[in-house]
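Undergrad: Structure in structure tokens, see below.
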Amino acid sequence: LFLVFQANICITFPTEYVKTQLQLDEKANPPRYKGIVDCVKQTVDGHGVRGLYRGLSSLLYGSIPKAAVRFGVFEFLSNKMRDESGKLDSTRGLLCGLGAGVAEAVVVVCPMETVKVKFIHDQSSANPKYRGFFHGVREIVRTEGLRGTYQGLTATVLKQGSNQAIRFYVMTSLRNWYKGEDPNKAINPLVTGAFGAFAGAVSVFGNTPLDVIKTRMQGLEAHKYKSTLDCAVKIMKHEGPKAFYKGTVPRLGRVCMDVAIVFIIYEEVVKVLNKVWKTD
């Protein structure tokens, strides 16, 4: 399961790279990329295929802790909020997802995403300064302190909170609909995957504007923005509302696959643990 999780990140990371570059690309500058294909072409021409994997290590190191915090907090909250029959309705699923998203944002996602965005942004700068993951983290901490790894915390909390609120709301709703009157009805992993992919897609369309703001707040030019709100205002003023949906297509591809696989793994692990510990 661990290998599946890591392989999924490696397979889909180029879409994450392209999404981040497009979100960092400001209209006022003027834009560096004409679109997805041009971004891939410029990256491969300048840095080889390996350039599309810049920042990958940050996600590989952070993926397991992120999932552990997310599902650990969700399970804790959902166990407190189930009704007498053990059912979790969609509204409570949304609240549990919100709590899980906020927790993962503060504990894992913000430093992980800050390092990833800085690495990707650094590659497109005139004089790249980060030689690798550990060297990059060391440089960030040396020049900016630990605070440098927590840039865009407010935007990250808003993004991850809404992400998981939307995903768990959709998943809980679909799960309850599928099971109907039989709470013990088994769900095929492929069905779980389909539900997860749909939940991921809904979250992409629901909160990509927050993702764009988060990316800008974590880039190498984040000093231009006084706050999360100031960043949003400046994007709207200088680039228009369409800029809030930069990178939607590559993000959609990665998120749908990622959420589908993560929920399949989560459901299968819960099934095994329930058999081992005979929990409810």
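Chain labels run A, B, ... following the order of the structure tokens; each chain numbers its residues from 1, and ligands are numbered from 1 in the order shown.
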Excluding Ile11 in chain A and its own-chain neighbours fewer than 3 positions away, which residues fall within 12 Å of it when counting only C-alpha atoms? Please give them as a VMD selection string.
TA: chain A and resid 3 to 8 14 to 17 52 to 53 56 60 253 to 254 257 to 258
Undergrad: Keeping N, CA and C atoms, export the residues of the selection given above as a short mmCIF file (atom, residue, chain, number, x, y, z; two decimals), in the first residue's frame.
TA:
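part_24.cif was written with the following content:
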```cif
data_model
loop_
_atom_site.label_atom_id
_atom_site.label_comp_id
_atom_site.auth_asym_id
_atom_site.auth_seq_id
_atom_site.Cartn_x
_atom_site.Cartn_y
_atom_site.Cartn_z
N LEU A 3 3.88 1.50 -1.24
CA LEU A 3 4.47 1.64 -2.57
C LEU A 3 3.48 2.19 -3.58
N VAL A 4 2.21 1.76 -3.47
CA VAL A 4 1.16 2.28 -4.35
C VAL A 4 1.00 3.78 -4.15
N PHE A 5 1.00 4.17 -2.88
CA PHE A 5 0.85 5.58 -2.49
C PHE A 5 1.97 6.43 -3.09
N GLN A 6 3.21 5.96 -2.92
CA GLN A 6 4.37 6.70 -3.42
C GLN A 6 4.44 6.68 -4.95
N ALA A 7 4.08 5.55 -5.55
CA ALA A 7 4.09 5.44 -7.02
C ALA A 7 3.08 6.42 -7.62
N ASN A 8 1.92 6.56 -6.97
CA ASN A 8 0.90 7.49 -7.43
C ASN A 8 1.43 8.92 -7.47
N PRO A 14 4.36 15.39 -12.36
CA PRO A 14 4.52 16.40 -13.42
C PRO A 14 3.31 17.32 -13.58
N THR A 15 2.10 16.79 -13.35
CA THR A 15 0.91 17.65 -13.42
C THR A 15 0.89 18.66 -12.28
N GLU A 16 1.40 18.24 -11.11
CA GLU A 16 1.51 19.14 -9.96
C GLU A 16 2.53 20.24 -10.25
N TYR A 17 3.63 19.85 -10.89
CA TYR A 17 4.67 20.82 -11.26
C TYR A 17 4.12 21.87 -12.22
N LEU A 52 10.67 18.23 -14.64
CA LEU A 52 9.25 18.12 -14.32
C LEU A 52 9.03 17.51 -12.93
N TYR A 53 10.12 17.04 -12.31
CA TYR A 53 10.03 16.41 -10.98
C TYR A 53 10.66 17.27 -9.89
N LEU A 56 9.58 17.15 -6.04
CA LEU A 56 8.94 15.85 -5.76
C LEU A 56 9.25 15.34 -4.36
N LEU A 60 6.97 13.41 -1.39
CA LEU A 60 7.24 12.03 -1.00
C LEU A 60 7.45 11.91 0.50
N GLY A 253 -6.45 16.50 -13.06
CA GLY A 253 -5.92 15.18 -13.36
C GLY A 253 -5.24 14.53 -12.18
N ARG A 254 -4.41 15.30 -11.48
CA ARG A 254 -3.67 14.74 -10.35
C ARG A 254 -4.58 14.44 -9.17
N MET A 257 -7.02 11.28 -9.45
CA MET A 257 -6.32 10.02 -9.25
C MET A 257 -5.84 9.86 -7.80
N ASP A 258 -5.30 10.93 -7.25
CA ASP A 258 -4.77 10.90 -5.89
C ASP A 258 -5.86 10.58 -4.87
#
```
Undergrad: Skipping near chain neighbours, those fewer than 3 positions away, what residues fall within 9 Å of range 198-206 of chain A using only C-alpha atoms, listed as a VMD selection string?
TA: chain A and resid 162 to 171 193 to 195 209 211 245 248 251 to 253 255 to 260
Undergrad: At what distance in Å, to one decimal, does CA of Ala105 in chain A lie from CA of Ile265 in chain A?
TA: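 Interatomic distance here is 20.8 Å.
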Undergrad: Would you work out the distance separating CA of Thr208 in chain A from CA of Glu113 in chain A, expressed in Å to one decimal?
TA: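 Separation of CA of Thr208 in chain A and CA of Glu113 in chain A: 14.9 Å.
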Undergrad: Interatomic distance between CA of Val115 in chain A and CA of Thr154 in chain A?
TA: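 Computing it gives 16.1 Å between the two atoms.
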Undergrad: Between A:Leu24, A:Ala68, A:Leu153, A:Val106, which has the minimum distance to Gly247 in chain A (counting only C-alpha atoms)?
TA: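 The answer is A:Leu24, which sits nearest to Gly247 in chain A.
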Undergrad: Return as JSON lines the residues of range 138-193 of chain A lying at most 9 Å from range 212-218 of chain A, together with the closest atom-to-atom pair for each and the distance in Å to one decimal, counting only C-alpha atoms, with rows in chain order and ascending residue number.
TA:
```
{"residue": "A:Gly148", "atom": "CA", "partner": "A:Gln218", "partner_atom": "CA", "distance": 8.9}
{"residue": "A:Thr149", "atom": "CA", "partner": "A:Gln218", "partner_atom": "CA", "distance": 8.7}
{"residue": "A:Tyr150", "atom": "CA", "partner": "A:Gln218", "partner_atom": "CA", "distance": 8.3}
{"residue": "A:Gln151", "atom": "CA", "partner": "A:Gln218", "partner_atom": "CA", "distance": 5.3}
{"residue": "A:Gly152", "atom": "CA", "partner": "A:Met217", "partner_atom": "CA", "distance": 4.9}
{"residue": "A:Leu153", "atom": "CA", "partner": "A:Lys214", "partner_atom": "CA", "distance": 8.1}
{"residue": "A:Thr154", "atom": "CA", "partner": "A:Lys214", "partner_atom": "CA", "distance": 8.3}
{"residue": "A:Ala155", "atom": "CA", "partner": "A:Lys214", "partner_atom": "CA", "distance": 5.0}
{"residue": "A:Thr156", "atom": "CA", "partner": "A:Lys214", "partner_atom": "CA", "distance": 5.8}
{"residue": "A:Leu158", "atom": "CA", "partner": "A:Lys214", "partner_atom": "CA", "distance": 8.9}
{"residue": "A:Lys159", "atom": "CA", "partner": "A:Lys214", "partner_atom": "CA", "distance": 7.6}
```
Undergrad: Selection from above, N, CA and C atoms, as a CSV table (one decimal), in the first residue's frame, can you write it?
TA:
```
chain,number,residue,atom,x,y,z
A,148,GLY,N,10.1,30.7,7.6
A,148,GLY,CA,10.1,30.6,6.1
A,148,GLY,C,9.5,29.3,5.5
A,149,THR,N,9.4,28.3,6.4
A,149,THR,CA,8.7,27.0,5.9
A,149,THR,C,7.2,27.1,6.2
A,150,TYR,N,6.7,28.2,6.8
A,150,TYR,CA,5.3,28.3,7.1
A,150,TYR,C,4.7,29.5,6.4
A,151,GLN,N,5.2,29.8,5.2
A,151,GLN,CA,4.6,30.9,4.4
A,151,GLN,C,3.2,30.5,4.0
A,152,GLY,N,2.3,31.5,3.9
A,152,GLY,CA,0.9,31.2,3.4
A,152,GLY,C,0.1,30.3,4.3
A,153,LEU,N,0.4,30.3,5.6
A,153,LEU,CA,-0.3,29.4,6.5
A,153,LEU,C,-1.9,29.6,6.5
A,154,THR,N,-2.3,30.9,6.5
A,154,THR,CA,-3.7,31.2,6.5
A,154,THR,C,-4.4,30.6,5.2
A,155,ALA,N,-3.7,30.9,4.0
A,155,ALA,CA,-4.3,30.4,2.8
A,155,ALA,C,-4.2,28.8,2.7
A,156,THR,N,-3.2,28.2,3.3
A,156,THR,CA,-3.1,26.8,3.4
A,156,THR,C,-4.2,26.2,4.2
A,158,LEU,N,-7.1,27.5,4.9
A,158,LEU,CA,-8.4,27.7,4.2
A,158,LEU,C,-8.5,26.7,3.0
A,159,LYS,N,-7.4,26.5,2.3
A,159,LYS,CA,-7.4,25.6,1.2
A,159,LYS,C,-7.6,24.1,1.6
```
Undergrad: Select, from A:Arg54, A:Val276, A:Thr114, A:Val109, the residue with the minimum atom-to-atom distance to Val141 in chain A, counting only C-alpha atoms.
TA: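 Using only C-alpha atoms, the shortest distance to Val141 in chain A belongs to A:Thr114.
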Undergrad: Name the closest residue to Phe133 in chain A among the candidates A:Pro111, A:Pro189, A:Gly93, A:Gly55; distances are taken between atoms, counting only C-alpha atoms.
TA: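 So, comparing all the options, the nearest one is A:Gly55.
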Undergrad: Where in range 8-250 of chain A does DSSP assign alpha helix (DSSP H), given as a ChimeraX atom specification?
TA: /A:8-24,36-47,56-81,90-104,110-123,133-144,153-179,189-218,228-239,248-250
Undergrad: Find the spatial neighbours of Asp182 in chain A, counting only C-alpha atoms, within a cut-off of 12 Å - ignore same-chain residues fewer than 5 positions away - and output them as a PyMOL selection string.
TA: chain A and resi 85-87+175-177+187
Undergrad: Deliver the residues from the most recent selection as a file, using N, CA, C and O atoms, as a PDB file, in the first residue's frame.
TA:
```pdb
ATOM      1  N   SER A  85     -26.910   4.635  15.731  1.00  0.00           N
ATOM      2  CA  SER A  85     -26.732   3.453  14.872  1.00  0.00           C
ATOM      3  C   SER A  85     -25.333   3.383  14.261  1.00  0.00           C
ATOM      4  O   SER A  85     -25.020   2.473  13.512  1.00  0.00           O
ATOM      5  N   GLY A  86     -24.489   4.382  14.584  1.00  0.00           N
ATOM      6  CA  GLY A  86     -23.131   4.397  14.060  1.00  0.00           C
ATOM      7  C   GLY A  86     -23.003   5.075  12.715  1.00  0.00           C
ATOM      8  O   GLY A  86     -21.942   5.033  12.080  1.00  0.00           O
ATOM      9  N   LYS A  87     -24.079   5.720  12.274  1.00  0.00           N
ATOM     10  CA  LYS A  87     -24.067   6.382  10.955  1.00  0.00           C
ATOM     11  C   LYS A  87     -23.563   7.822  11.066  1.00  0.00           C
ATOM     12  O   LYS A  87     -23.860   8.516  12.040  1.00  0.00           O
ATOM     13  N   ARG A 175     -21.404   7.443  -0.027  1.00  0.00           N
ATOM     14  CA  ARG A 175     -21.346   6.192   0.728  1.00  0.00           C
ATOM     15  C   ARG A 175     -22.716   5.857   1.319  1.00  0.00           C
ATOM     16  O   ARG A 175     -23.191   4.717   1.238  1.00  0.00           O
ATOM     17  N   ASN A 176     -23.349   6.851   1.935  1.00  0.00           N
ATOM     18  CA  ASN A 176     -24.673   6.644   2.539  1.00  0.00           C
ATOM     19  C   ASN A 176     -25.723   6.316   1.484  1.00  0.00           C
ATOM     20  O   ASN A 176     -26.596   5.474   1.697  1.00  0.00           O
ATOM     21  N   TRP A 177     -25.617   6.990   0.322  1.00  0.00           N
ATOM     22  CA  TRP A 177     -26.552   6.711  -0.780  1.00  0.00           C
ATOM     23  C   TRP A 177     -26.376   5.280  -1.287  1.00  0.00           C
ATOM     24  O   TRP A 177     -27.356   4.564  -1.527  1.00  0.00           O
ATOM     25  N   ILE A 187     -18.615  -2.079   0.134  1.00  0.00           N
ATOM     26  CA  ILE A 187     -18.409  -1.252  -1.055  1.00  0.00           C
ATOM     27  C   ILE A 187     -17.157  -1.740  -1.780  1.00  0.00           C
ATOM     28  O   ILE A 187     -16.076  -1.811  -1.188  1.00  0.00           O
TER      29      ILE A 187
END
```
Undergrad: My list of candidates is A:Arg82, A:Asn127, A:Gly97, A:Thr143. Which is closest to Arg70 in chain A when distances are computed with only C-alpha atoms?
TA: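 Among A:Arg82, A:Asn127, A:Gly97, A:Thr143, it is A:Gly97 that comes nearest to Arg70 in chain A.
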Undergrad: Can you pull out the residues contacting Arg32 in chain A? Cut-off 10 Å, using only C-alpha atoms, and skip same-chain residues under 4 positions away; I want them as a PDB file with N, CA and C atoms, in the first residue's frame.
TA:
```pdb
ATOM      1  N   GLN A  21       3.630  25.946 -11.640  1.00  0.00           N
ATOM      2  CA  GLN A  21       4.273  26.935 -12.515  1.00  0.00           C
ATOM      3  C   GLN A  21       3.237  27.875 -13.144  1.00  0.00           C
ATOM      4  N   LEU A  22       2.113  27.335 -13.569  1.00  0.00           N
ATOM      5  CA  LEU A  22       1.061  28.167 -14.172  1.00  0.00           C
ATOM      6  C   LEU A  22       0.455  29.125 -13.145  1.00  0.00           C
ATOM      7  N   LEU A  24       2.031  30.343 -10.540  1.00  0.00           N
ATOM      8  CA  LEU A  24       3.049  31.347 -10.208  1.00  0.00           C
ATOM      9  C   LEU A  24       3.245  32.355 -11.337  1.00  0.00           C
ATOM     10  N   ASP A  25       2.818  31.973 -12.520  1.00  0.00           N
ATOM     11  CA  ASP A  25       3.036  32.790 -13.715  1.00  0.00           C
ATOM     12  C   ASP A  25       2.075  33.976 -13.735  1.00  0.00           C
ATOM     13  N   GLU A  26       2.604  35.179 -13.496  1.00  0.00           N
ATOM     14  CA  GLU A  26       1.760  36.366 -13.395  1.00  0.00           C
ATOM     15  C   GLU A  26       1.560  37.046 -14.747  1.00  0.00           C
ATOM     16  N   LYS A  27       0.328  37.455 -14.982  1.00  0.00           N
ATOM     17  CA  LYS A  27      -0.029  38.124 -16.235  1.00  0.00           C
ATOM     18  C   LYS A  27       0.724  39.442 -16.396  1.00  0.00           C
ATOM     19  N   ASP A  38       3.159  24.346 -23.440  1.00  0.00           N
ATOM     20  CA  ASP A  38       4.321  25.237 -23.510  1.00  0.00           C
ATOM     21  C   ASP A  38       5.152  25.148 -22.228  1.00  0.00           C
ATOM     22  N   CYS A  39       4.484  25.013 -21.087  1.00  0.00           N
ATOM     23  CA  CYS A  39       5.188  24.878 -19.803  1.00  0.00           C
ATOM     24  C   CYS A  39       6.019  23.595 -19.789  1.00  0.00           C
ATOM     25  N   GLN A  42       9.018  24.035 -22.350  1.00  0.00           N
ATOM     26  CA  GLN A  42      10.083  24.903 -21.841  1.00  0.00           C
ATOM     27  C   GLN A  42      10.886  24.210 -20.739  1.00  0.00           C
ATOM     28  N   SER A 124      12.803  28.075 -12.123  1.00  0.00           N
ATOM     29  CA  SER A 124      12.541  28.979 -13.247  1.00  0.00           C
ATOM     30  C   SER A 124      13.188  30.352 -13.065  1.00  0.00           C
TER      31      SER A 124
END
```
Undergrad: Ranking A:Ser78, A:Thr12, A:Gln123, A:Ser57 by minimum distance to Ala100 in chain A and counting only C-alpha atoms, which one comes first?
TA: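 Closest candidate: A:Ser78.
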